[in-house]
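S.K.: run_3.pdb is reproduced below (PDB, C-alpha atoms, pLDDT in the B column).
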ATOM      1  CA  LEU A   1      92.375 113.870  72.503  1.00 48.00           C
ATOM      2  CA  GLU A   2      89.156 112.292  73.618  1.00 59.00           C
ATOM      3  CA  SER A   3      86.797 114.070  75.929  1.00 73.00           C
ATOM      4  CA  ASN A   4      86.476 111.340  78.542  1.00 85.00           C
ATOM      5  CA  PRO A   5      87.634 111.311  82.163  1.00 91.00           C
ATOM      6  CA  GLU A   6      90.021 108.369  81.868  1.00 92.00           C
ATOM      7  CA  SER A   7      91.934 109.845  78.911  1.00 87.00           C
ATOM      8  CA  LEU A   8      92.108 113.308  80.443  1.00 88.00           C
ATOM      9  CA  THR A   9      93.254 111.925  83.816  1.00 93.00           C
ATOM     10  CA  GLN A  10      96.001 109.875  82.191  1.00 93.00           C
ATOM     11  CA  LEU A  11      97.138 112.883  80.141  1.00 90.00           C
ATOM     12  CA  ALA A  12      97.177 115.096  83.254  1.00 91.00           C
ATOM     13  CA  HIS A  13      99.276 112.561  85.172  1.00 96.00           C
ATOM     14  CA  ASN A  14     101.670 112.174  82.225  1.00 96.00           C
ATOM     15  CA  LEU A  15     102.085 115.965  82.235  1.00 94.00           C
ATOM     16  CA  GLY A  16     103.101 115.837  85.895  1.00 96.00           C
ATOM     17  CA  LEU A  17      99.922 116.748  87.732  1.00 93.00           C
ATOM     18  CA  PRO A  18      99.435 115.041  91.123  1.00 95.00           C
ATOM     19  CA  GLU A  19      98.108 111.476  91.101  1.00 95.00           C
ATOM     20  CA  GLN A  20      95.281 112.443  93.478  1.00 93.00           C
ATOM     21  CA  TRP A  21      93.810 114.734  90.808  1.00 93.00           C
ATOM     22  CA  ALA A  22      91.342 113.159  88.404  1.00 95.00           C
ATOM     23  CA  PHE A  23      88.699 114.087  85.875  1.00 94.00           C
ATOM     24  CA  HIS A  24      85.097 112.935  86.361  1.00 94.00           C
ATOM     25  CA  ASP A  25      81.927 113.095  84.294  1.00 91.00           C
ATOM     26  CA  CYS A  26      79.488 115.765  85.408  1.00 89.00           C
ATOM     27  CA  PHE A  27      75.939 115.196  84.206  1.00 88.00           C
ATOM     28  CA  GLY A  28      74.615 118.638  85.059  1.00 87.00           C
ATOM     29  CA  LEU A  29      75.335 121.818  86.958  1.00 85.00           C
ATOM     30  CA  ASP A  30      72.424 121.677  89.398  1.00 90.00           C
ATOM     31  CA  GLU A  31      73.125 121.002  93.076  1.00 91.00           C
ATOM     32  CA  GLU A  32      71.922 117.391  93.097  1.00 94.00           C
ATOM     33  CA  LEU A  33      74.170 116.329  90.208  1.00 92.00           C
ATOM     34  CA  LEU A  34      77.184 118.302  91.443  1.00 90.00           C
ATOM     35  CA  ALA A  35      76.898 116.423  94.744  1.00 92.00           C
ATOM     36  CA  PHE A  36      78.010 113.257  92.919  1.00 93.00           C
ATOM     37  CA  LEU A  37      81.446 114.770  92.212  1.00 93.00           C
ATOM     38  CA  PRO A  38      84.341 114.126  94.608  1.00 93.00           C
ATOM     39  CA  SER A  39      85.291 117.163  96.623  1.00 91.00           C
ATOM     40  CA  PRO A  40      87.044 119.552  96.306  1.00 92.00           C
ATOM     41  CA  VAL A  41      86.433 120.460  92.677  1.00 90.00           C
ATOM     42  CA  LEU A  42      89.364 122.488  91.344  1.00 88.00           C
ATOM     43  CA  ALA A  43      88.094 123.234  87.841  1.00 86.00           C
ATOM     44  CA  VAL A  44      85.356 122.489  85.337  1.00 84.00           C
ATOM     45  CA  VAL A  45      86.043 121.566  81.713  1.00 82.00           C
ATOM     46  CA  LEU A  46      83.094 122.289  79.443  1.00 76.00           C
ATOM     47  CA  LEU A  47      82.619 121.108  75.879  1.00 71.00           C
ATOM     48  CA  PHE A  48      79.827 122.920  74.040  1.00 66.00           C
ATOM     49  CA  PRO A  49      79.223 125.247  71.106  1.00 65.00           C
ATOM     50  CA  TRP A  50      79.593 128.865  72.152  1.00 64.00           C
ATOM     51  CA  GLU A  51      79.480 132.111  70.260  1.00 67.00           C
ATOM     52  CA  GLN A  52      82.233 133.790  72.267  1.00 66.00           C
ATOM     53  CA  GLU A  53      82.318 136.991  70.222  1.00 69.00           C
ATOM     54  CA  ALA A  54      78.545 137.468  70.468  1.00 68.00           C
ATOM     55  CA  LEU A  55      78.709 136.955  74.239  1.00 69.00           C
ATOM     56  CA  ARG A  56      81.635 139.374  74.556  1.00 68.00           C
ATOM     57  CA  LYS A  57      79.773 142.082  72.611  1.00 72.00           C
ATOM     58  CA  GLY A  58      76.591 141.539  74.636  1.00 68.00           C
ATOM     59  CA  ARG A  59      78.447 141.719  77.955  1.00 68.00           C
ATOM     60  CA  LYS A  60      80.328 144.861  76.873  1.00 69.00           C
ATOM     61  CA  ALA A  61      77.038 146.495  75.887  1.00 67.00           C
ATOM     62  CA  GLN A  62      75.784 145.778  79.416  1.00 71.00           C
ATOM     63  CA  GLY A  63      78.990 147.149  80.962  1.00 70.00           C
ATOM     64  CA  LYS A  64      80.011 143.705  82.297  1.00 69.00           C
ATOM     65  CA  GLU A  65      83.345 141.934  82.086  1.00 67.00           C
ATOM     66  CA  LEU A  66      83.744 138.359  80.877  1.00 61.00           C
ATOM     67  CA  PRO A  67      84.667 135.827  83.580  1.00 64.00           C
ATOM     68  CA  GLN A  68      88.214 134.461  83.671  1.00 66.00           C
ATOM     69  CA  VAL A  69      88.019 131.600  81.183  1.00 66.00           C
ATOM     70  CA  PHE A  70      90.708 129.673  79.363  1.00 69.00           C
ATOM     71  CA  TRP A  71      89.201 129.333  75.896  1.00 67.00           C
ATOM     72  CA  MET A  72      90.314 126.764  73.339  1.00 68.00           C
ATOM     73  CA  GLU A  73      88.591 126.987  69.976  1.00 69.00           C
ATOM     74  CA  GLN A  74      88.185 123.831  67.905  1.00 68.00           C
ATOM     75  CA  HIS A  75      89.250 124.323  64.276  1.00 71.00           C
ATOM     76  CA  VAL A  76      89.187 120.673  63.197  1.00 70.00           C
ATOM     77  CA  GLY A  77      85.875 118.838  62.928  1.00 68.00           C
ATOM     78  CA  ASN A  78      85.272 116.004  65.420  1.00 65.00           C
ATOM     79  CA  ALA A  79      88.430 116.831  67.412  1.00 62.00           C
ATOM     80  CA  CYS A  80      86.736 117.100  70.841  1.00 57.00           C
ATOM     81  CA  GLY A  81      89.140 119.520  72.401  1.00 47.00           C
TER      82      GLY A  81
END
With the file now loaded, output its structure as structure tokens.
M.R.:
Amino acid sequence: LESNPESLTQLAHNLGLPEQWAFHDCFGLDEELLAFLPSPVLAVVLLFPWEQEALRKGRKAQGKELPQVFWMEQHVGNACG
């Protein structure tokens, strides 16, 4: 599975999601760059290295809960998702 909007949109439509839904590149999370995205935004898919266990331990130590996140860990090199 490639991590590009066209592939993800086609996959989503093949899985039965509405044709009006589509994936788009997001070049940053600041207000100016988010303004380029069509509205409404229903979800954000992020691809980045993340030490989930370290974050979980740090948040627990601060008495905070982790946000609701669907987490998919990559176990195969260069698999992009």
S.K.: What is the distance, in Å and to one decimal place, between atom CA of His24 of chain A and atom CA of Leu37 of chain A?
M.R.: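 Pair atom CA of His24 of chain A / atom CA of Leu37 of chain A returns 7.1 Å.
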S.K.: Could you list, as a PyMOL selection string, every residue matched by the PyMOL selection byres ((chain A and resi 5) around 7) in this structure?
M.R.: chain A and resi 3-4+6-9+23-25
S.K.: Once the PyMOL selection byres ((chain A and resi 43) around 12) has been applied to the shown file, what residues remain in the selection, as a list in words?
M.R.: Trp21, Ala22, Phe23, His24, Cys26, Leu37, Pro38, Ser39, Pro40, Val41, Leu42, Val44, Val45, Leu46, Gln68, Val69 and Phe70 of chain A
S.K.: If you keep C-alpha atoms, can you produce a file of those selected residues as a PDB file, in the coordinates of the input?
M.R.:
ATOM      1  CA  TRP A  21      93.810 114.734  90.808  1.00 93.00           C
ATOM      2  CA  ALA A  22      91.342 113.159  88.404  1.00 95.00           C
ATOM      3  CA  PHE A  23      88.699 114.087  85.875  1.00 94.00           C
ATOM      4  CA  HIS A  24      85.097 112.935  86.361  1.00 94.00           C
ATOM      5  CA  CYS A  26      79.488 115.765  85.408  1.00 89.00           C
ATOM      6  CA  LEU A  37      81.446 114.770  92.212  1.00 93.00           C
ATOM      7  CA  PRO A  38      84.341 114.126  94.608  1.00 93.00           C
ATOM      8  CA  SER A  39      85.291 117.163  96.623  1.00 91.00           C
ATOM      9  CA  PRO A  40      87.044 119.552  96.306  1.00 92.00           C
ATOM     10  CA  VAL A  41      86.433 120.460  92.677  1.00 90.00           C
ATOM     11  CA  LEU A  42      89.364 122.488  91.344  1.00 88.00           C
ATOM     12  CA  VAL A  44      85.356 122.489  85.337  1.00 84.00           C
ATOM     13  CA  VAL A  45      86.043 121.566  81.713  1.00 82.00           C
ATOM     14  CA  LEU A  46      83.094 122.289  79.443  1.00 76.00           C
ATOM     15  CA  GLN A  68      88.214 134.461  83.671  1.00 66.00           C
ATOM     16  CA  VAL A  69      88.019 131.600  81.183  1.00 66.00           C
ATOM     17  CA  PHE A  70      90.708 129.673  79.363  1.00 69.00           C
TER      18      PHE A  70
END
S.K.: Expressed in Å to a single decimal, how great is the separation between atom CA of Leu11 of chain A and atom CA of Leu29 of chain A?
M.R.: 24.5 Å
S.K.: One decimal, in Å: what's the spacing between atom CA of Gly28 of chain A and atom CA of Leu47 of chain A?
M.R.: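 Computing it gives 12.4 Å between the two atoms.
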S.K.: Give the padded box for segment 16-31 of chain A as JSON: axis-aligned, covering all atoms listed in the file, 5 Å on each side, centre and edge lengths in Å to one decimal.
M.R.:
{"center_x": 87.8, "center_y": 116.6, "center_z": 88.8, "size_x": 40.7, "size_y": 20.3, "size_z": 19.3}
